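The file start-v2.txt contains compact mmCIF, C-alpha atoms:
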# COMPACT_ATOMS: atom_id res chain seq x y z
CA MET A 1 -30.63 -119.49 -103.85
CA VAL A 2 -32.94 -118.12 -106.56
CA GLU A 3 -31.88 -120.87 -108.98
CA LEU A 4 -33.21 -123.42 -106.47
CA ILE A 5 -36.72 -121.95 -106.36
CA ILE A 6 -37.81 -123.12 -109.83
CA PRO A 7 -36.82 -126.81 -109.34
CA ALA A 8 -38.42 -126.71 -105.89
CA ILE A 9 -41.75 -125.40 -107.18
CA VAL A 10 -41.84 -127.62 -110.28
CA SER A 11 -40.95 -130.81 -108.38
CA CYS A 12 -43.53 -130.12 -105.67
CA ILE A 13 -46.27 -129.49 -108.26
CA VAL A 14 -45.29 -132.66 -110.15
CA ALA A 15 -45.19 -134.71 -106.91
CA PHE A 16 -48.59 -133.49 -105.73
CA PHE A 17 -50.50 -133.69 -109.00
CA THR A 18 -49.04 -137.04 -110.10
CA VAL A 19 -50.50 -138.66 -106.99
CA TYR A 20 -53.64 -136.51 -107.02
CA ALA A 21 -54.39 -137.46 -110.65
CA THR A 22 -53.38 -141.13 -110.58
CA VAL A 23 -55.20 -142.26 -107.43
CA PRO A 24 -58.80 -142.07 -108.84
CA PRO A 25 -58.01 -144.29 -111.88
CA LEU A 26 -56.00 -146.59 -109.59
CA ILE A 27 -59.06 -146.91 -107.30
CA LYS A 28 -61.23 -147.86 -110.29
CA PHE A 29 -58.63 -150.35 -111.53
CA LEU A 30 -58.32 -152.00 -108.10
CA GLN A 31 -62.12 -152.10 -107.70
CA LYS A 32 -62.45 -153.89 -111.05
CA ARG A 33 -59.90 -156.46 -109.96
CA ASN A 34 -61.60 -156.78 -106.57
CA LEU A 35 -58.37 -155.96 -104.74
CA THR A 36 -60.10 -154.86 -101.57
CA VAL A 37 -59.77 -155.41 -97.83
CA ARG A 38 -62.32 -154.86 -95.07
CA ASP A 39 -61.99 -151.66 -93.05
CA VAL A 40 -62.21 -153.30 -89.63
CA ASN A 41 -62.92 -150.02 -87.83
CA LYS A 42 -66.16 -149.32 -89.70
CA LYS A 43 -69.57 -150.50 -88.48
CA ASP A 44 -70.78 -151.77 -91.84
CA ASN A 45 -68.90 -154.20 -94.00
CA VAL A 46 -66.92 -151.48 -95.81
CA MET A 47 -64.41 -152.70 -98.36
CA ILE A 48 -61.47 -150.46 -99.30
CA VAL A 49 -59.15 -150.90 -102.26
CA ARG A 50 -55.42 -151.30 -101.86
CA PRO A 51 -52.54 -150.82 -102.53
CA GLY A 52 -52.04 -147.15 -103.26
CA GLY A 53 -48.30 -147.72 -103.53
CA PRO A 54 -48.18 -147.42 -107.37
CA SER A 55 -49.44 -143.82 -107.24
CA ILE A 56 -47.06 -142.94 -104.40
CA ILE A 57 -44.00 -144.30 -106.20
CA ALA A 58 -45.11 -142.61 -109.45
CA GLY A 59 -45.23 -139.27 -107.61
CA ILE A 60 -41.81 -139.82 -106.06
CA ILE A 61 -40.08 -140.98 -109.24
CA THR A 62 -41.49 -138.26 -111.52
CA SER A 63 -40.73 -135.43 -109.09
CA GLU A 64 -37.23 -136.72 -108.37
CA ILE A 65 -36.58 -137.06 -112.13
CA VAL A 66 -37.50 -133.38 -112.45
CA LEU A 67 -35.01 -132.58 -109.67
CA TYR A 68 -32.35 -134.78 -111.29
CA ILE A 69 -32.63 -132.75 -114.51
CA PHE A 70 -31.71 -129.66 -112.49
CA PHE A 71 -29.18 -131.04 -109.97
CA GLU A 72 -27.80 -134.34 -111.42
CA THR A 73 -26.68 -135.63 -108.03
CA ASN A 74 -26.20 -139.21 -106.87
CA GLU A 75 -28.31 -138.40 -103.80
CA ILE A 76 -31.42 -138.14 -105.99
CA LEU A 77 -30.55 -141.44 -107.71
CA ALA A 78 -30.13 -143.10 -104.30
CA ILE A 79 -33.54 -141.82 -103.20
CA MET A 80 -35.23 -142.99 -106.40
CA ILE A 81 -33.64 -146.45 -106.50
CA THR A 82 -34.04 -147.20 -102.78
CA SER A 83 -37.66 -146.01 -102.78
CA PHE A 84 -38.41 -148.10 -105.87
CA ILE A 85 -36.86 -151.26 -104.36
CA ALA A 86 -38.89 -150.66 -101.18
CA PHE A 87 -42.01 -150.28 -103.34
CA VAL A 88 -41.32 -153.62 -105.07
CA ILE A 89 -40.76 -155.32 -101.68
CA GLY A 90 -44.01 -153.86 -100.37
CA TYR A 91 -45.88 -154.82 -103.53
CA ILE A 92 -44.71 -158.43 -103.20
CA ASP A 93 -45.96 -158.39 -99.60
CA ASP A 94 -49.26 -156.84 -100.72
CA ARG A 95 -49.89 -159.61 -103.23
CA LYS A 96 -48.40 -162.56 -101.37
CA VAL A 97 -48.32 -163.19 -97.62
CA MET A 98 -44.65 -163.19 -96.63
CA GLY A 99 -43.06 -164.08 -93.27
CA GLY A 100 -42.24 -161.54 -90.56
CA TRP A 101 -38.53 -161.47 -91.48
CA PHE A 102 -39.07 -160.87 -95.21
CA LYS A 103 -39.51 -157.10 -95.07
CA PRO A 104 -36.61 -156.24 -92.69
CA ILE A 105 -34.13 -158.37 -94.65
CA ALA A 106 -35.35 -157.25 -98.06
CA LEU A 107 -35.34 -153.59 -96.98
CA ALA A 108 -31.75 -153.97 -95.76
CA ILE A 109 -30.90 -154.98 -99.33
CA ALA A 110 -32.83 -151.92 -100.57
CA ALA A 111 -30.28 -149.77 -98.73
CA THR A 112 -27.37 -150.95 -100.92
CA PRO A 113 -27.78 -148.20 -103.60
CA ILE A 114 -26.96 -145.63 -100.89
CA ILE A 115 -23.66 -147.42 -100.22
CA LEU A 116 -22.86 -148.22 -103.87
CA LEU A 117 -23.49 -144.64 -105.00
CA GLY A 118 -21.34 -143.34 -102.13
CA THR A 119 -24.04 -140.92 -100.99
CA TYR A 120 -23.41 -141.30 -97.28
CA ASP A 121 -20.96 -139.61 -94.94
CA SER A 122 -19.49 -141.71 -92.11
CA THR A 123 -19.72 -138.78 -89.72
CA LEU A 124 -22.74 -138.75 -87.42
CA SER A 125 -23.71 -135.28 -86.16
CA PHE A 126 -25.32 -134.74 -82.77
CA PRO A 127 -26.95 -131.62 -81.34
CA LEU A 128 -24.76 -129.56 -78.94
CA PHE A 129 -21.92 -132.10 -78.80
CA GLY A 130 -20.62 -132.05 -82.37
CA SER A 131 -19.96 -135.05 -84.58
CA VAL A 132 -18.26 -138.41 -84.44
CA HIS A 133 -16.53 -140.29 -87.27
CA ILE A 134 -17.67 -143.93 -87.24
CA PRO A 135 -16.92 -145.59 -90.61
CA ALA A 136 -17.70 -149.22 -89.65
CA LEU A 137 -20.70 -148.42 -87.47
CA TYR A 138 -22.13 -146.02 -90.01
CA LEU A 139 -22.29 -148.76 -92.67
CA GLY A 140 -24.40 -150.75 -90.23
CA LEU A 141 -26.55 -147.69 -89.61
CA VAL A 142 -27.20 -147.30 -93.36
CA ILE A 143 -28.25 -150.94 -93.63
CA PHE A 144 -30.48 -150.76 -90.53
CA MET A 145 -32.01 -147.33 -91.20
CA ILE A 146 -34.15 -148.27 -94.21
CA PRO A 147 -35.77 -151.37 -92.59
CA ILE A 148 -36.41 -149.32 -89.44
CA THR A 149 -38.04 -146.33 -91.15
CA GLY A 150 -39.90 -148.53 -93.64
CA ASN A 151 -41.35 -150.87 -91.05
CA THR A 152 -41.99 -148.04 -88.61
CA ILE A 153 -44.26 -146.22 -91.07
CA ASN A 154 -45.84 -149.53 -92.06
CA SER A 155 -46.61 -150.43 -88.44
CA ILE A 156 -48.34 -147.10 -87.76
CA ASP A 157 -50.61 -147.58 -90.79
CA VAL A 158 -53.46 -148.98 -88.68
CA LEU A 159 -56.18 -146.33 -88.97
CA ASN A 160 -57.57 -144.24 -91.83
CA GLY A 161 -55.14 -141.51 -92.89
CA ILE A 162 -52.52 -142.11 -90.20
CA ALA A 163 -49.55 -143.21 -92.32
CA SER A 164 -49.92 -140.46 -94.92
CA GLY A 165 -50.91 -137.78 -92.38
CA PHE A 166 -48.03 -138.70 -90.10
CA MET A 167 -45.63 -138.64 -93.05
CA ILE A 168 -46.79 -135.14 -94.06
CA ILE A 169 -45.85 -133.81 -90.61
CA ALA A 170 -42.58 -135.76 -90.26
CA SER A 171 -41.30 -135.04 -93.77
CA PHE A 172 -42.08 -131.32 -93.69
CA SER A 173 -40.38 -131.13 -90.26
CA LEU A 174 -37.34 -132.79 -91.85
CA SER A 175 -37.41 -130.38 -94.82
CA ILE A 176 -37.65 -127.36 -92.47
CA SER A 177 -34.73 -128.77 -90.46
CA LEU A 178 -32.66 -129.11 -93.65
CA PHE A 179 -33.43 -125.47 -94.49
CA ILE A 180 -32.36 -124.46 -90.95
CA LEU A 181 -29.09 -126.36 -91.46
CA GLN A 182 -28.68 -124.46 -94.75
CA ASN A 183 -28.59 -127.70 -96.73
CA TYR A 184 -30.89 -126.11 -99.32
CA GLU A 185 -30.39 -128.63 -102.10
CA MET A 186 -31.29 -131.59 -99.87
CA ALA A 187 -34.21 -129.64 -98.39
CA ILE A 188 -35.63 -129.22 -101.90
CA ILE A 189 -34.93 -132.87 -102.75
CA SER A 190 -36.87 -133.87 -99.61
CA LEU A 191 -39.94 -131.70 -100.34
CA PRO A 192 -41.65 -134.10 -102.80
CA LEU A 193 -42.09 -136.65 -99.98
CA GLY A 194 -44.34 -134.21 -98.11
CA PHE A 195 -46.29 -133.28 -101.24
CA VAL A 196 -46.76 -136.92 -102.29
CA SER A 197 -48.05 -137.71 -98.78
CA LEU A 198 -50.30 -134.63 -98.86
CA ALA A 199 -51.91 -135.64 -102.16
CA PHE A 200 -52.36 -139.24 -101.00
CA TYR A 201 -53.86 -138.07 -97.69
CA LYS A 202 -56.78 -136.57 -99.62
CA TYR A 203 -57.90 -140.11 -100.51
CA HIS A 204 -56.55 -141.86 -97.40
CA LYS A 205 -58.06 -139.63 -94.72
CA ILE A 206 -61.11 -140.85 -92.85
CA PRO A 207 -63.24 -142.29 -94.47
CA SER A 208 -60.52 -143.84 -96.63
CA LYS A 209 -61.11 -144.45 -100.32
CA ILE A 210 -57.81 -146.31 -100.68
CA PHE A 211 -55.18 -147.82 -98.37
CA PRO A 212 -51.47 -147.36 -99.15
CA GLY A 213 -50.74 -151.03 -98.44
CA ASP A 214 -47.25 -152.26 -97.67
CA SER A 215 -46.06 -150.92 -101.03
CA GLY A 216 -47.15 -147.39 -100.13
CA ALA A 217 -46.06 -147.38 -96.48
CA LEU A 218 -42.66 -148.96 -97.17
CA THR A 219 -42.01 -146.56 -100.06
CA LEU A 220 -42.75 -143.53 -97.85
CA GLY A 221 -40.66 -144.92 -94.99
CA ALA A 222 -37.73 -145.91 -97.21
CA MET A 223 -37.63 -142.50 -98.89
CA TYR A 224 -37.70 -140.82 -95.47
CA GLY A 225 -34.80 -143.00 -94.27
CA THR A 226 -32.78 -142.35 -97.42
CA ILE A 227 -33.25 -138.58 -97.08
CA ALA A 228 -32.07 -138.86 -93.46
CA ILE A 229 -28.85 -140.60 -94.56
CA VAL A 230 -27.98 -138.66 -97.71
CA GLY A 231 -28.97 -135.38 -96.04
CA HIS A 232 -26.88 -136.19 -92.92
CA VAL A 233 -29.85 -135.54 -90.63
CA GLU A 234 -30.19 -138.99 -89.08
CA ILE A 235 -30.79 -137.79 -85.51
CA ILE A 236 -33.29 -135.11 -86.56
CA ALA A 237 -35.14 -137.69 -88.68
CA ALA A 238 -35.29 -140.09 -85.73
CA VAL A 239 -36.71 -137.33 -83.49
CA ALA A 240 -39.42 -136.38 -86.02
CA LEU A 241 -40.40 -140.04 -86.25
CA LEU A 242 -40.56 -140.62 -82.46
CA PRO A 243 -44.29 -141.49 -82.09
CA ALA A 244 -43.93 -144.13 -84.81
CA VAL A 245 -40.65 -145.34 -83.28
CA ILE A 246 -42.38 -145.64 -79.88
CA ASN A 247 -45.15 -147.64 -81.56
CA SER A 248 -42.63 -150.07 -83.04
CA PHE A 249 -40.71 -150.24 -79.78
CA LEU A 250 -43.84 -150.99 -77.73
CA PHE A 251 -44.88 -153.60 -80.27
CA LEU A 252 -41.51 -155.35 -80.37
CA SER A 253 -40.89 -155.22 -76.63
CA SER A 254 -44.34 -156.69 -75.89
CA MET A 255 -44.18 -159.39 -78.59
CA LYS A 256 -40.45 -160.11 -77.99
CA LYS A 257 -39.96 -160.97 -81.69
CA ILE A 258 -40.49 -159.69 -85.23
CA VAL A 259 -43.93 -160.86 -86.24
CA GLU A 260 -46.40 -159.99 -89.00
CA HIS A 261 -49.63 -158.28 -87.83
CA ARG A 262 -51.75 -160.99 -89.41
CA GLU A 263 -49.95 -163.66 -87.33
CA ILE A 264 -50.98 -162.09 -84.01
CA LYS A 265 -53.84 -163.82 -82.24
CA GLY A 266 -54.58 -161.36 -79.40
CA LYS A 267 -56.42 -158.14 -80.26
CA PRO A 268 -54.94 -154.93 -78.81
CA VAL A 269 -58.09 -152.95 -79.61
CA GLU A 270 -61.80 -153.80 -79.72
CA HIS A 271 -65.00 -151.87 -80.46
CA THR A 272 -67.64 -150.53 -78.11
CA GLU A 273 -71.34 -150.77 -79.00
CA ASP A 274 -71.23 -147.35 -80.66
CA PHE A 275 -68.14 -148.55 -82.56
CA LYS A 276 -65.60 -146.47 -80.73
CA LEU A 277 -62.15 -147.97 -80.25
CA LYS A 278 -61.33 -149.41 -76.86
CA ALA A 279 -58.12 -150.94 -75.44
CA THR A 280 -58.43 -154.62 -74.51
CA ASN A 281 -57.04 -156.37 -71.44
CA ASP A 282 -55.72 -159.23 -73.56
CA LYS A 283 -52.23 -160.03 -72.28
CA THR A 284 -51.29 -161.90 -75.47
CA ALA A 285 -52.02 -158.83 -77.60
CA PRO A 286 -49.21 -156.43 -78.50
CA ILE A 287 -48.91 -153.06 -76.79
CA THR A 288 -49.20 -150.38 -79.46
CA LEU A 289 -49.39 -146.61 -79.56
CA VAL A 290 -53.13 -146.78 -80.32
CA ARG A 291 -53.69 -149.14 -77.38
CA LEU A 292 -51.72 -146.77 -75.16
CA ILE A 293 -53.81 -143.78 -76.32
CA LEU A 294 -57.02 -145.75 -75.72
CA ALA A 295 -55.95 -146.77 -72.21
CA GLY A 296 -57.50 -143.50 -71.04
CA GLY A 297 -60.91 -144.54 -72.39
CA PRO A 298 -62.72 -145.29 -75.67
CA LEU A 299 -62.26 -142.85 -78.56
CA SER A 300 -63.51 -142.69 -82.13
CA GLU A 301 -61.11 -143.52 -84.98
CA LYS A 302 -60.99 -139.81 -85.89
CA GLN A 303 -60.12 -138.81 -82.30
CA VAL A 304 -57.30 -141.36 -82.09
CA GLY A 305 -55.99 -140.02 -85.39
CA TYR A 306 -55.95 -136.47 -84.04
CA VAL A 307 -54.04 -137.58 -80.91
CA ILE A 308 -51.42 -139.26 -83.13
CA PHE A 309 -51.18 -136.14 -85.31
CA LYS A 310 -50.73 -133.98 -82.18
CA LEU A 311 -47.89 -136.28 -81.09
CA ALA A 312 -46.40 -136.06 -84.61
CA ILE A 313 -46.56 -132.24 -84.52
CA PHE A 314 -44.90 -132.24 -81.09
CA SER A 315 -42.12 -134.52 -82.37
CA GLY A 316 -41.80 -132.39 -85.49
CA LEU A 317 -41.26 -129.32 -83.31
CA LEU A 318 -38.66 -131.23 -81.27
CA ALA A 319 -36.93 -132.14 -84.55
CA ILE A 320 -36.84 -128.46 -85.58
CA ILE A 321 -35.48 -127.50 -82.13
CA THR A 322 -32.87 -130.27 -82.58
CA ALA A 323 -31.90 -128.72 -85.94
CA PHE A 324 -31.32 -125.36 -84.21
CA MET A 325 -29.30 -127.18 -81.52
CA MET A 326 -27.13 -128.71 -84.27
CA ARG A 327 -25.85 -125.21 -85.01
CA VAL A 328 -24.83 -124.71 -81.38
CA SER A 329 -21.75 -126.32 -79.90
CA ILE A 330 -20.91 -126.59 -76.20
CA MET B 331 -36.82 -140.35 -75.43
CA TRP B 332 -35.66 -137.08 -77.03
CA ILE B 333 -33.48 -136.32 -74.01
CA LEU B 334 -32.06 -139.87 -74.08
CA ILE B 335 -31.15 -139.39 -77.76
CA ILE B 336 -29.36 -136.08 -77.06
CA VAL B 337 -27.55 -137.39 -73.97
CA GLY B 338 -26.58 -140.60 -75.79
CA GLY B 339 -25.27 -138.50 -78.68
CA GLY B 340 -23.30 -136.42 -76.22
CA VAL B 341 -21.65 -139.52 -74.74
CA LEU B 342 -20.86 -140.81 -78.22
CA ALA B 343 -19.43 -137.52 -79.50
CA THR B 344 -17.44 -136.44 -76.44
CA ILE B 345 -16.21 -139.71 -74.94
CA ILE B 346 -16.22 -142.35 -77.65
CA GLY B 347 -15.55 -140.06 -80.63
CA PRO B 348 -11.97 -139.10 -79.66
CA LEU B 349 -10.99 -142.72 -78.84
CA SER B 350 -8.26 -144.16 -81.04
CA ILE B 351 -6.09 -147.27 -80.93
CA THR B 352 -2.50 -146.91 -82.11
CA GLY B 353 0.48 -149.22 -82.49
CA TYR B 354 -1.10 -151.82 -84.74
CA GLY B 355 -0.09 -150.24 -88.08
CA ASN B 356 -2.69 -150.71 -90.79
CA PHE B 357 -5.13 -152.25 -88.31
CA ASP B 358 -5.39 -149.06 -86.20
CA LEU B 359 -8.40 -147.70 -88.09
CA LEU B 360 -10.15 -151.07 -88.16
CA LEU B 361 -9.60 -151.71 -84.43
CA THR B 362 -10.67 -148.17 -83.48
CA SER B 363 -13.77 -148.45 -85.61
CA GLY B 364 -14.60 -151.89 -84.19
CA LEU B 365 -14.15 -150.67 -80.61
CA LYS B 366 -16.38 -147.66 -81.24
CA ALA B 367 -18.97 -149.93 -82.84
CA ILE B 368 -18.99 -152.28 -79.83
CA ILE B 369 -19.31 -149.41 -77.34
CA ALA B 370 -22.04 -147.75 -79.43
CA MET B 371 -24.00 -150.99 -79.67
CA THR B 372 -23.67 -151.51 -75.92
CA LEU B 373 -25.03 -147.98 -75.45
CA VAL B 374 -27.98 -148.79 -77.71
CA VAL B 375 -28.71 -151.93 -75.63
CA VAL B 376 -28.55 -149.82 -72.44
CA TRP B 377 -30.83 -147.24 -74.10
CA ILE B 378 -33.37 -149.95 -74.98
CA MET B 379 -33.21 -151.35 -71.44
CA ILE B 380 -33.86 -147.90 -69.96
CA LEU B 381 -36.81 -147.41 -72.32
CA SER B 382 -38.13 -150.88 -71.45
CA THR B 383 -37.90 -150.14 -67.73
CA LEU B 384 -39.63 -146.78 -68.24
CA LYS B 385 -42.36 -148.42 -70.31
CA ASN B 386 -42.96 -151.14 -67.68
CA TRP B 387 -43.01 -148.51 -64.94
CA ILE B 388 -45.58 -146.41 -66.84
CA PHE B 389 -47.76 -149.43 -67.51
CA ARG B 390 -47.62 -150.61 -63.88
CA ASN B 391 -48.32 -147.25 -62.31
CA GLU B 392 -50.49 -145.41 -64.77
CA ILE B 393 -52.40 -147.75 -67.00
CA LYS B 394 -52.78 -151.04 -65.12
CA PHE B 395 -53.34 -153.32 -68.12

Have the structure of the file written as structure tokens, please.
Amino acid sequence: MVELIIPAIVSCIVAFFTVYATVPPLIKFLQKRNLTVRDVNKKDNVMIVRPGGPSIIAGIITSEIVLYIFFETNEILAIMITSFIAFVIGYIDDRKVMGGWFKPIALAIAATPIILLGTYDSTLSFPLFGSVHIPALYLGLVIFMIPITGNTINSIDVLNGIASGFMIIASFSLSISLFILQNYEMAIISLPLGFVSLAFYKYHKIPSKIFPGDSGALTLGAMYGTIAIVGHVEIIAAVALLPAVINSFLFLSSMKKIVEHREIKGKPVEHTEDFKLKATNDKTAPITLVRLILAGGPLSEKQVGYVIFKLAIFSGLLAIITAFMMRVSI
Amino acid sequence: MWILIIVGGGVLATIIGPLSITGYGNFDLLLTSGLKAIIAMTLVVVWIMILSTLKNWIFRNEIKF
């Protein structure tokens, strides 16, 4: 146990400070190149740089390299390679407008290192009821998991600080769950995700100085999905991600197809005179988690963010309870 | 949704998990796996339908979009 403390501390420091130190020069670089988008939820014409993905992937890769020096496991390689492929996919989407199907299909390909490195176990564990061996189905789960987690985090990245803040809560819940399940090595391997998100949140929180872009959101989501598979905590990971899953589910079930945000004509949310967010009555607009939250009345961007974080904390607690339930059998 | 996940997991682990097809030699594992996959996917479809119904019910009764 003691021998795990040093790699844990070093990797977390490296993860945090790599992102913390690289974001300011990245902001300057992106400003020089005029790679900015309008922050639609601000009164004035505020332009924000993006993508922050390069800093996020730098933090993940450097910290996981540190861990690889200590542990030399294929699980770390799977996390690094899958996250990097997801970053490349996101970066392509950041620079070039791709169709709605591009990301899900490309992210399914990103899952192949997990299979090729043999870092998955075909047994799916459930709380209270034990586990079930499903070799054929599990392969499908591996292929579907990365597009689901990647796009789920990407689709919740609609307000300042939400994607990174949400990922802090979800990933630390997952790490705590791995500690509860006494999978200490995987718990330590998962910690950099939380610290990378924490460092990025400093610049992403309201008012944002940088947006993660597709490259950042997909990288975070893909790493989360890979940890869920290689750490054998798929169900716990799904529970911790529930608010974002609900968001994707509401979106898909109202639109009835996979569609890029920029292709949607109807607006789910509009602004009041004092620039608070308000749900619209537009029937062509998708139903989203933010629209659902605003159905109770207009709220500021900060208030909506806090509601989402409260939901994330609640789901995180459910995930930790689920981890305890994994140790009980009926 | 959390309860649906746990109950669904329970069904999968206690009912579908122990299922096995025998008498087809080398194809036993493949057939068992395929059968489990079909049942699991059907369960996922049922799960989505339940969630959809719940969502529509909430929207009709609570929010009135």

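Of the listed residues B:Asp358, B:Met379, B:Gly364, B:Leu334, the one whose atoms come nearest to chain A is B:Gly364, with distances taken using all atoms listed in the file.
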
Here is a test: counting all atoms listed in the file, which residue of A:Leu289, A:Ile6, A:Ile210, A:Leu318 is nearest to A:Phe29?
A:Ile210

Could you write out as JSON, numbers by chain the residues of chain B within 6 Å of chain A, counting only C-alpha atoms?
{"B": [339, 340, 343, 347, 363, 367, 395]}

List every residue of stretch 82-184 of chain A that has an atom at most 12 Å from any atom of stretch 61-70 of chain A, giving for each one its closest atom pair and the distance in Å to one decimal, counting only C-alpha atoms, sorted by chain and then by ascending residue number, as JSON lines.
{"residue": "A:Thr82", "atom": "CA", "partner": "A:Ile61", "partner_atom": "CA", "distance": 10.8}
{"residue": "A:Ser83", "atom": "CA", "partner": "A:Ile61", "partner_atom": "CA", "distance": 8.5}
{"residue": "A:Phe84", "atom": "CA", "partner": "A:Ile61", "partner_atom": "CA", "distance": 8.1}
{"residue": "A:Ile85", "atom": "CA", "partner": "A:Ile61", "partner_atom": "CA", "distance": 11.8}
{"residue": "A:Phe87", "atom": "CA", "partner": "A:Ile61", "partner_atom": "CA", "distance": 11.2}

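Counting all atoms listed in the file, the residue from A:Glu185, A:Asp93, A:Asp214, A:Glu3 that sits nearest to A:Ala163 is A:Asp214.
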
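Distances here use only C-alpha atoms; by that measure, the residue among A:Tyr203, A:Phe275, A:Phe251, A:Tyr120 closest to A:Leu299 is A:Phe275.
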
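Note that atom CA of A:Tyr224 and atom CA of A:Val290 are 22.4 Å apart.
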
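Remark: for A:Ala21, the closest of the candidate residues A:Ile105, A:Met167, A:Ala58, A:Ile293 is A:Ala58 (distances computed over all atoms listed in the file).
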
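Distances to B:Leu381 were evaluated for A:Ala323, A:Leu174, A:Ile115, A:Val245 using only C-alpha atoms, and the minimum falls at A:Val245.
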
A:Leu35 surroundings by all atoms listed in the file, 7 Å radius, close-in-sequence under 5 positions cut, as an MDAnalysis selection string
chainID A and resid 30 49:50

Taking C-alpha atoms for each residue, export the selection above as a PDB file, in the coordinates of the input.
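Ended up saving to again.pdb:
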ATOM      1  CA  LEU A  30     -58.320-152.000-108.100  1.00  0.00           C
ATOM      2  CA  VAL A  49     -59.150-150.900-102.260  1.00  0.00           C
ATOM      3  CA  ARG A  50     -55.420-151.300-101.860  1.00  0.00           C
TER       4      ARG A  50
END

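Contact shell of A:Asp157 at 10 Å (all atoms listed in the file; same-chain neighbours under 6 positions omitted): Asn151, Ala163, Ser164, Gly165, Phe166, Phe211, Pro212, Gly213, Asp214, Gly216, Ala217 and Ala244 of chain A.
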
Quick one, how far is atom CA of A:Ala108 from atom CA of A:Pro243?
22.4 Å

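The interatomic distance for the pair atom CA of B:Thr383 and atom CA of A:Val269 works out to 23.6 Å.
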
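Point (-28.9, -150.8, -103.0) has the following residues at most 7 Å away: A:Thr82, A:Ile109, A:Ala110, A:Ala111, A:Thr112, A:Pro113, A:Ile114, A:Ile115, A:Leu116 (atoms considered: all atoms listed in the file).
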